[in-house]
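Trainee: Input structure-v9.cif, format and content: mmCIF, C-alpha atoms.
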data_target
loop_
_atom_site.label_atom_id
_atom_site.label_comp_id
_atom_site.auth_asym_id
_atom_site.auth_seq_id
_atom_site.Cartn_x
_atom_site.Cartn_y
_atom_site.Cartn_z
CA MET A 27 -22.35 34.22 17.35
CA ASN A 28 -21.19 32.35 20.43
CA ARG A 29 -17.83 33.78 21.48
CA ASP A 30 -16.75 30.32 22.63
CA VAL A 31 -16.94 29.03 19.10
CA GLU A 32 -13.81 29.79 17.10
CA LEU A 33 -13.81 30.10 13.37
CA GLN A 34 -12.32 27.00 11.81
CA LYS A 35 -8.90 27.60 10.28
CA LEU A 36 -8.83 27.18 6.50
CA VAL A 37 -5.93 26.82 4.08
CA LYS A 38 -5.71 27.03 0.32
CA VAL A 39 -4.11 24.14 -1.55
CA THR A 40 -3.13 24.33 -5.21
CA VAL A 41 -3.88 21.18 -7.19
CA VAL A 42 -1.90 21.00 -10.44
CA THR A 43 -2.62 18.83 -13.48
CA ILE A 44 0.07 17.51 -15.82
CA ASP A 45 -0.18 20.55 -18.13
CA GLY A 46 0.57 22.96 -15.27
CA ASN A 47 -3.03 24.11 -14.89
CA GLU A 48 -3.60 25.20 -11.29
CA ASN A 49 -6.82 24.76 -9.34
CA GLN A 50 -7.09 26.23 -5.85
CA VAL A 51 -9.22 24.49 -3.25
CA THR A 52 -9.91 25.55 0.33
CA VAL A 53 -9.94 22.91 3.07
CA PRO A 54 -10.19 23.03 6.87
CA VAL A 55 -7.23 22.37 9.16
CA VAL A 56 -7.89 19.62 11.68
CA GLY A 57 -5.97 18.35 14.68
CA ASP A 58 -2.26 19.15 14.75
CA GLU A 59 -2.03 21.30 11.60
CA GLN A 60 -3.32 18.46 9.42
CA ILE A 61 -5.54 18.59 6.35
CA SER A 62 -7.62 15.77 4.93
CA VAL A 63 -6.44 14.21 1.66
CA THR A 64 -10.04 13.20 0.98
CA ASP A 65 -11.17 16.83 1.29
CA ILE A 66 -8.51 18.04 -1.16
CA TYR A 67 -9.23 15.21 -3.58
CA ALA A 68 -13.02 15.64 -3.56
CA LYS A 69 -12.86 19.40 -4.07
CA ALA A 70 -10.22 19.12 -6.80
CA CYS A 71 -12.25 16.54 -8.74
CA ASP A 72 -15.35 18.69 -8.38
CA CYS A 73 -13.46 21.81 -9.48
CA LEU A 74 -12.16 20.03 -12.59
CA GLY A 75 -15.57 18.57 -13.41
CA LEU A 76 -14.59 14.90 -13.18
CA GLN A 77 -17.50 12.48 -12.99
CA LYS A 78 -17.62 10.33 -9.84
CA THR A 79 -17.24 7.15 -11.88
CA SER A 80 -13.98 8.54 -13.29
CA SER A 81 -12.59 10.36 -10.27
CA LYS A 82 -11.82 7.11 -8.42
CA TRP A 83 -9.23 6.35 -11.12
CA PHE A 84 -7.29 9.52 -10.32
CA SER A 85 -5.16 10.24 -7.27
CA LEU A 86 -3.23 13.00 -5.54
CA PHE A 87 0.57 13.08 -5.43
CA CYS A 88 3.21 15.34 -3.95
CA GLY A 89 6.95 15.73 -4.32
CA GLY A 90 9.29 16.49 -7.20
CA GLU A 91 12.22 14.10 -7.53
CA THR A 92 10.70 11.86 -4.87
CA ILE A 93 7.03 11.19 -5.61
CA ARG A 94 4.63 10.22 -2.86
CA ARG A 95 1.03 9.24 -3.34
CA LEU A 96 -1.38 10.90 -0.93
CA LYS A 97 -3.66 8.05 0.05
CA PRO A 98 -7.41 8.60 0.55
CA ASP A 99 -8.68 8.75 4.14
CA THR A 100 -5.30 9.98 5.38
CA PHE A 101 -4.00 13.38 6.42
CA THR A 102 -1.07 15.50 5.33
CA HIS A 103 0.50 18.58 6.89
CA SER A 104 -1.18 21.90 6.17
CA SER A 105 2.12 23.18 4.73
CA ALA A 106 1.48 21.02 1.64
CA LYS A 107 0.42 23.96 -0.48
CA GLU A 108 0.79 22.25 -3.86
CA VAL A 109 -0.14 18.74 -4.96
CA SER A 110 -0.79 17.14 -8.34
CA LEU A 111 -3.78 15.18 -9.60
CA ARG A 112 -2.89 12.32 -11.93
CA LYS A 113 -4.43 9.25 -13.47
CA TRP A 114 -4.07 6.14 -11.30
CA CYS A 115 -5.42 3.42 -13.56
CA PHE A 116 -3.64 0.54 -15.32
CA ASN A 117 -6.58 -1.35 -16.81
CA GLY A 118 -7.30 -0.82 -20.50
CA ARG A 119 -11.00 -1.67 -20.24
CA ILE A 120 -11.56 0.76 -17.38
CA GLU A 121 -9.69 3.55 -19.15
CA ALA A 122 -11.57 2.93 -22.40
CA ASN A 123 -14.91 3.40 -20.62
CA MET A 124 -13.60 6.46 -18.82
CA ILE A 125 -12.47 8.33 -21.95
CA LYS A 126 -15.69 7.38 -23.73
CA ASP A 127 -18.08 8.61 -21.04
CA ASP A 128 -16.25 11.54 -19.39
CA PRO A 129 -14.84 14.38 -21.56
CA THR A 130 -12.87 15.85 -18.64
CA ALA A 131 -11.25 12.50 -17.83
CA CYS A 132 -10.50 12.01 -21.53
CA HIS A 133 -8.71 15.37 -21.69
CA LEU A 134 -6.64 14.67 -18.56
CA VAL A 135 -5.65 11.19 -19.80
CA TYR A 136 -4.72 12.71 -23.17
CA LEU A 137 -2.49 15.30 -21.47
CA GLU A 138 -0.69 12.58 -19.50
CA ALA A 139 -0.19 10.39 -22.57
CA LYS A 140 1.20 13.37 -24.49
CA ALA A 141 3.57 14.30 -21.64
CA ALA A 142 4.86 10.72 -21.35
CA ILE A 143 5.65 10.62 -25.07
CA GLU A 144 7.30 14.06 -25.07
CA LYS A 145 9.48 13.09 -22.09
CA GLY A 146 10.58 9.89 -23.83
CA LEU A 147 8.93 7.62 -21.27
CA LEU A 148 7.04 5.97 -24.14
CA SER A 149 8.79 5.15 -27.41
CA VAL A 150 7.08 5.77 -30.75
CA THR A 151 8.01 4.99 -34.34
CA ASN A 152 8.13 7.73 -36.98
CA GLU A 153 4.86 6.44 -38.40
CA GLN A 154 3.18 6.53 -34.99
CA ARG A 155 4.50 10.02 -34.33
CA GLU A 156 3.05 11.28 -37.61
CA LYS A 157 -0.31 9.79 -36.69
CA LEU A 158 -0.22 11.38 -33.23
CA GLU A 159 0.55 14.75 -34.81
CA GLU A 160 -2.49 14.33 -37.07
CA TYR A 161 -4.67 13.74 -34.02
CA GLU A 162 -3.37 17.01 -32.52
CA ASP A 163 -4.43 19.17 -35.45
CA PRO A 164 -5.93 22.27 -33.74
CA ALA A 165 -8.65 22.43 -36.36
CA PHE A 166 -9.92 18.96 -35.47
CA LYS A 167 -8.23 17.58 -32.38
CA LEU A 168 -8.90 13.89 -31.71
CA GLU A 169 -7.87 13.32 -28.11
CA LYS A 170 -9.60 9.95 -27.82
CA ASP A 171 -7.80 8.60 -30.91
CA TYR A 172 -4.51 9.92 -29.53
CA ILE A 173 -5.08 7.97 -26.31
CA LEU A 174 -6.06 4.77 -28.12
CA LEU A 175 -2.81 4.86 -30.10
CA ALA A 176 -0.81 5.65 -26.96
CA GLN A 177 -2.40 2.66 -25.21
CA SER A 178 -0.79 0.38 -27.80
CA LEU A 179 2.71 1.58 -26.87
CA GLU A 180 4.87 -0.66 -24.72
CA GLY A 181 4.85 0.43 -21.10
CA TYR A 182 1.76 2.64 -21.33
CA PHE A 183 -0.13 0.87 -18.53
CA SER A 184 2.76 0.86 -16.08
CA VAL A 185 4.80 2.87 -13.58
CA LEU A 186 8.51 3.34 -14.26
CA ILE A 187 10.87 3.83 -11.31
CA GLN A 188 14.31 4.95 -12.45
CA ASN A 189 17.65 5.33 -10.64
CA CYS A 190 17.28 2.16 -8.57
CA ILE A 191 19.88 -0.16 -7.05
CA ILE A 192 18.94 -3.79 -7.67
CA THR A 193 20.41 -6.91 -6.11
CA ASP A 194 19.29 -10.51 -6.53
CA GLN A 195 20.02 -11.72 -3.02
CA GLU A 196 19.31 -10.90 0.61
CA PRO A 197 21.38 -7.99 1.98
CA ILE A 198 24.10 -8.89 4.47
CA GLU A 199 23.94 -6.67 7.57
CA SER A 200 21.87 -4.12 5.63
CA THR A 201 24.53 -3.91 2.89
CA LEU A 202 23.48 -4.81 -0.64
CA GLN A 203 25.83 -7.30 -2.32
CA ASN A 204 26.33 -7.71 -6.10
CA SER A 205 24.20 -4.65 -6.78
CA TYR A 206 23.53 -3.00 -10.12
CA PRO A 207 22.01 0.34 -11.09
CA GLY A 208 18.78 -0.07 -12.99
CA SER A 209 15.07 0.60 -13.22
CA VAL A 210 11.84 -1.08 -12.17
CA ARG A 211 8.63 -1.07 -14.18
CA VAL A 212 5.41 -2.21 -12.51
CA SER A 213 2.76 -3.42 -14.95
CA MET A 214 -0.17 -5.81 -15.27
CA GLU A 215 2.31 -8.45 -16.49
CA GLY A 216 4.51 -8.25 -13.42
CA ILE A 217 7.50 -6.41 -12.00
CA ILE A 218 10.10 -5.81 -14.70
CA LEU A 219 13.66 -5.36 -13.45
CA HIS A 220 16.20 -3.88 -15.84
CA THR A 221 19.94 -3.50 -15.24
CA GLU A 222 22.98 -3.27 -17.50
CA LYS A 223 23.40 -6.98 -16.79
CA CYS A 224 19.95 -8.23 -17.81
CA SER A 225 16.19 -7.72 -17.78
CA ARG A 226 13.73 -10.03 -16.09
CA THR A 227 10.07 -10.11 -15.17
CA LEU A 228 8.76 -11.28 -11.81
CA LYS A 229 5.32 -12.55 -12.73
CA TRP A 230 2.49 -11.82 -10.30
CA THR A 231 1.54 -15.49 -10.02
CA ARG A 232 5.12 -16.30 -8.95
CA LEU A 233 5.57 -13.40 -6.52
CA LYS A 234 4.95 -14.75 -3.02
CA LYS A 235 5.28 -11.51 -1.06
CA TRP A 236 6.99 -8.14 -0.95
CA THR A 237 8.40 -6.32 2.06
CA VAL A 238 8.76 -2.56 2.37
CA HIS A 239 11.75 -1.38 4.44
CA ASN A 240 10.95 2.31 4.75
CA LYS A 241 13.98 3.18 6.91
CA LEU A 242 16.30 1.67 4.29
CA SER A 243 14.27 2.92 1.27
CA ARG A 244 14.02 -0.65 0.00
CA VAL A 245 11.43 -3.07 -1.29
CA ALA A 246 12.30 -6.78 -1.18
CA PHE A 247 10.50 -9.25 -3.46
CA LEU A 248 10.25 -12.93 -2.56
CA HIS A 249 9.44 -14.93 -5.68
CA VAL A 250 9.40 -18.65 -6.43
CA SER A 251 11.11 -20.32 -9.38
CA PRO A 252 9.36 -23.04 -11.45
CA SER A 253 11.27 -25.64 -9.43
CA GLY A 254 9.93 -24.21 -6.17
CA GLU A 255 13.10 -22.41 -5.07
CA GLU A 256 12.49 -19.17 -3.18
CA GLN A 257 14.58 -16.23 -4.36
CA THR A 258 14.81 -12.65 -3.12
CA VAL A 259 15.37 -9.51 -5.18
CA VAL A 260 15.94 -6.21 -3.36
CA VAL A 261 15.29 -2.80 -4.91
CA GLU A 262 16.67 0.31 -3.23
CA THR A 263 15.09 3.57 -4.36
CA ARG A 264 14.10 6.97 -3.02
CA GLN A 265 10.76 6.24 -4.69
CA TRP A 266 10.01 3.27 -2.43
CA GLU A 267 6.64 4.73 -1.36
CA TYR A 268 5.62 5.35 -4.97
CA LEU A 269 6.78 1.85 -5.95
CA SER A 270 4.80 0.27 -3.11
CA SER A 271 1.66 2.26 -4.00
CA ALA A 272 1.90 1.19 -7.66
CA ILE A 273 2.23 -2.48 -6.69
CA ILE A 274 -0.81 -2.35 -4.42
CA GLN A 275 -2.92 -0.54 -7.04
CA ILE A 276 -2.07 -2.95 -9.85
CA VAL A 277 -2.73 -5.98 -7.64
CA LYS A 278 -6.15 -4.48 -6.82
CA GLU A 279 -6.92 -3.97 -10.50
CA LEU A 280 -5.87 -7.52 -11.35
CA GLN A 281 -8.28 -8.72 -8.67
CA VAL A 282 -11.03 -6.72 -10.39
CA VAL A 283 -10.24 -8.54 -13.64
CA ASN A 284 -10.43 -11.97 -11.94
CA PRO A 285 -12.50 -11.42 -8.77
CA SER A 286 -13.32 -15.08 -8.21
CA GLU A 287 -9.71 -16.23 -8.29
CA SER A 288 -8.28 -14.36 -5.31
CA PHE A 289 -9.33 -12.99 -1.95
CA PHE A 290 -7.46 -10.54 0.26
CA TYR A 291 -7.49 -10.61 4.05
CA SER A 292 -6.07 -8.06 6.50
CA SER A 293 -3.98 -10.85 8.03
CA MET A 294 -1.95 -10.86 4.79
CA ILE A 295 -0.26 -7.61 5.90
CA SER A 296 2.17 -7.81 8.80
CA THR A 297 4.58 -5.43 10.53
CA ASN A 298 7.94 -6.92 11.40
CA GLU A 299 10.09 -6.22 14.46
CA GLU A 300 12.50 -3.96 12.58
CA GLY A 301 9.60 -1.80 11.40
CA SER A 302 9.23 -3.14 7.87
CA THR A 303 5.85 -4.14 6.43
CA SER A 304 5.25 -7.39 4.53
CA TYR A 305 2.44 -8.00 2.06
CA GLU A 306 1.46 -11.51 1.04
CA ASN A 307 0.56 -11.51 -2.63
CA VAL A 308 -3.06 -12.52 -3.16
CA LEU A 309 -2.24 -13.35 -6.81
CA TYR A 310 0.47 -15.89 -5.93
CA SER A 311 -0.33 -19.35 -7.28
CA GLY A 312 2.93 -21.20 -6.68
CA PRO A 313 5.59 -22.57 -9.05
CA CYS A 314 4.58 -23.64 -12.54
CA ASP A 315 6.87 -26.29 -13.97
CA GLY A 316 8.38 -25.52 -17.32
CA VAL A 317 7.54 -21.81 -17.34
CA ASP A 318 10.35 -19.56 -16.18
CA ASP A 319 10.48 -15.84 -15.49
CA GLU A 320 11.28 -13.89 -18.61
CA GLY A 321 14.90 -12.84 -18.92
CA ARG A 322 17.06 -11.52 -21.69
#
What is this structure when it is put down as structure tokens?
Mentor:
Amino acid sequence: MNRDVELQKLVKVTVVTIDGNENQVTVPVVGDEQISVTDIYAKACDCLGLQKTSSKWFSLFCGGETIRRLKPDTFTHSSAKEVSLRKWCFNGRIEANMIKDDPTACHLVYLEAKAAIEKGLLSVTNEQREKLEEYEDPAFKLEKDYILLAQSLEGYFSVLIQNCIITDQEPIESTLQNSYPGSVRVSMEGIILHTEKCSRTLKWTRLKKWTVHNKLSRVAFLHVSPSGEEQTVVVETRQWEYLSSAIIQIVKELQVVNPSESFFYSSMISTNEEGSTSYENVLYSGPCDGVDDEGR
């Protein structure tokens, strides 16, 4: 062996699924103590036995109280010894095909649905709970049927961000005015804002753009009322990265549903002087007279 050639440094990363099952993968360190997210992701999917058609609907995440999605084709520090692999799909048709054709994907989706119900993130009636318990009979477990029932629950195809501060106007000198604690749910229907004061949905077709202020941990939404009035809602959350990733993913999936209706261009993303990033919404179609955002 040529003495001038050094052995490449390798690190072990533990990839955890929702049930706590650990899978160790070994990846090379590159550059300044960085490891490739794509390397971790590919090896984890291979280790679990996910089919390639299914693996693209899963993603890597890190963090406990503050969740961060590890984006493909990026790098993370080699000290990231433990990450989680989770479903990253919000389209019922795609998920139905996935659980039908890939037993491993079906099992992972089942585990996530079960965890969401047990944690109270999805509400079930007594009748639904009894049915779910039937599907979990060890003698004849029906994971696919469990998922299909879970898919009918409100909020299943969504991401819930709790412990947010929400205000319905532009901040003054970086200070949020008339703010309320609440939560944000991102779904195929839109962005659902819930506070003790009210709940409302910012529909995708009415959302003109969103701006991510990473230094302030905020995401600002510019939406247009049926009369054409522009309004801003600001959400402050430690989960701003997770919120932004969920928005981008759901917009992409909505484009898959209606590919001929919208086109995305790189010019629709811009970095502002203060360091924030703005995204023009490819799904925006302008005000629609007579149809208001939902509120109750």
Trainee: Where does the PyMOL selection byres ((chain A and resi 240) around 12) land in this file, that is, which residues does it pick, as a PyMOL selection string?
Mentor: chain A and resi 237-239+241-246+261-270+297-298+300-304
Trainee: Find the residues near region 214-228 of chain A: any atom within 10 Å, counting only C-alpha atoms, skip ones fewer than 4 places away on the same chain, and give them as a PyMOL selection string.
Mentor: chain A and resi 116-117+181+183-188+190-193+205-210+232-233+247-251+259+261+273+276-277+279-280+318-322
Trainee: Write out as a tab-separated table (two decimals) with C-alpha atoms, keeping the file's coordinate frame the residues lying within 10 Å of Glu160 (chain A), counting all atoms listed in the file and excluding same-chain residues fewer than 6 positions away.
Mentor:
chain	number	residue	atom	x	y	z
A	154	GLN	CA	3.18	6.53	-34.99
A	166	PHE	CA	-9.92	18.96	-35.47
A	167	LYS	CA	-8.23	17.58	-32.38
A	168	LEU	CA	-8.90	13.89	-31.71
A	171	ASP	CA	-7.80	8.60	-30.91
A	172	TYR	CA	-4.51	9.92	-29.53
Trainee: Would you pick out the contacts of Asp45 (chain A) at 12 Å or less, using all atoms listed in the file, so that residues sharing its chain but fewer than 5 positions from it are not included, and give the list as a VMD selection string?
Mentor: chain A and resid 110 to 112 133 to 142
Trainee: Store the residues picked out above, limited to C-alpha atoms, as a compact mmCIF listing (two decimals), in the frame of the given file.
Mentor:
# COMPACT_ATOMS: atom_id res chain seq x y z
CA SER A 110 -0.79 17.14 -8.34
CA LEU A 111 -3.78 15.18 -9.60
CA ARG A 112 -2.89 12.32 -11.93
CA HIS A 133 -8.71 15.37 -21.69
CA LEU A 134 -6.64 14.67 -18.56
CA VAL A 135 -5.65 11.19 -19.80
CA TYR A 136 -4.72 12.71 -23.17
CA LEU A 137 -2.49 15.30 -21.47
CA GLU A 138 -0.69 12.58 -19.50
CA ALA A 139 -0.19 10.39 -22.57
CA LYS A 140 1.20 13.37 -24.49
CA ALA A 141 3.57 14.30 -21.64
CA ALA A 142 4.86 10.72 -21.35
Trainee: May I ask for the distance between CA of Ser178 (chain A) and CA of Glu156 (chain A), given in Å to one decimal place?
Mentor: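 Taking CA of Ser178 (chain A) as the start and CA of Glu156 (chain A) as the end point, the length is 15.2 Å.
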Trainee: Residues within 7 Å of (0.2, 5.9, -0.8), file coordinates, counting only C-alpha atoms: what are they? Give the list as a list in words.
Mentor: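 Neighbouring residues, ordered by chain and number, come to Arg94, Arg95, Leu96, Lys97, Glu267, Tyr268 and Ser271 of chain A.
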Trainee: Region 267-280 of chain A, all listed atoms, 4 Å padding on each side: what axis-aligned box centre and edge lengths in Å to one decimal come out, as AutoDock Vina command-line options?
Mentor:
--center_x -0.1 --center_y -1.1 --center_z -6.4 --size_x 21.7 --size_y 20.9 --size_z 18.0
Trainee: Please indicate the distance in Å from CA of Glu48 (chain A) to CA of Lys107 (chain A), rounded to one decimal place.
Mentor: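 Those two atoms sit 11.6 Å apart.
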Trainee: With only C-alpha atoms as the basis for distance, which of A:Val51, A:Val109, A:Ala122, A:Ile274 is at the shortest distance from Cys73 (chain A)?
Mentor: A:Val51
Trainee: For Gln281 (chain A), which residue among A:Thr92, A:Gly75, A:Gly312, A:Trp230 is the nearest when counting only C-alpha atoms?
Mentor: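 Ranking A:Thr92, A:Gly75, A:Gly312, A:Trp230 by distance to Gln281 (chain A), first place goes to A:Trp230.
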Trainee: Which protein, DNA or RNA residues are at most 10 Å from (-14.0, 29.0, 8.5) in the file's coordinates when you count all atoms listed in the file, listed as a list in words?
Mentor: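 Residues lying no farther than 10 Å from the given point: Glu32, Leu33, Gln34, Lys35, Leu36, Val37, Thr52, Val53, Pro54 and Val55 of chain A.
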Trainee: Any chance you could work out the residue set of the PyMOL selection byres ((chain A and resi 253) around 7) here, as a ChimeraX atom specification?
Mentor: /A:251-252,254-255,313,315
Trainee: Kindly give the distance, in Å, that separates CA of Lys234 (chain A) and CA of Tyr310 (chain A), rounded to a single decimal.
Mentor: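 Between CA of Lys234 (chain A) and CA of Tyr310 (chain A) the gap works out to 5.5 Å.
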Trainee: Taking all atoms listed in the file into account, which of A:Ser81, A:Ser62, A:Gln257, A:Ser149 comes nearest Ala131 (chain A)?
Mentor: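 Closest to Ala131 (chain A), using all atoms listed in the file: A:Ser81.
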Trainee: Exactly which residues make up the result of the PyMOL selection byres ((chain A and resi 60) around 6) on this file, given as an MDAnalysis selection string?
Mentor: chainID A and resid 55:59 61 101:104
Trainee: Between A:Glu108, A:Thr258, A:Asn123, A:Asp128, which has the minimum distance to Gly46 (chain A) (counting only C-alpha atoms)?
Mentor: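 Result for the nearest residue to Gly46 (chain A): A:Glu108.
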Trainee: Determine the nearest neighbour of Glu306 (chain A) from the options A:Thr231, A:Val150, A:Ser85, A:Ala272, counting all atoms listed in the file.
Mentor: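 Checking each candidate against Glu306 (chain A), we get A:Thr231 as the closest.
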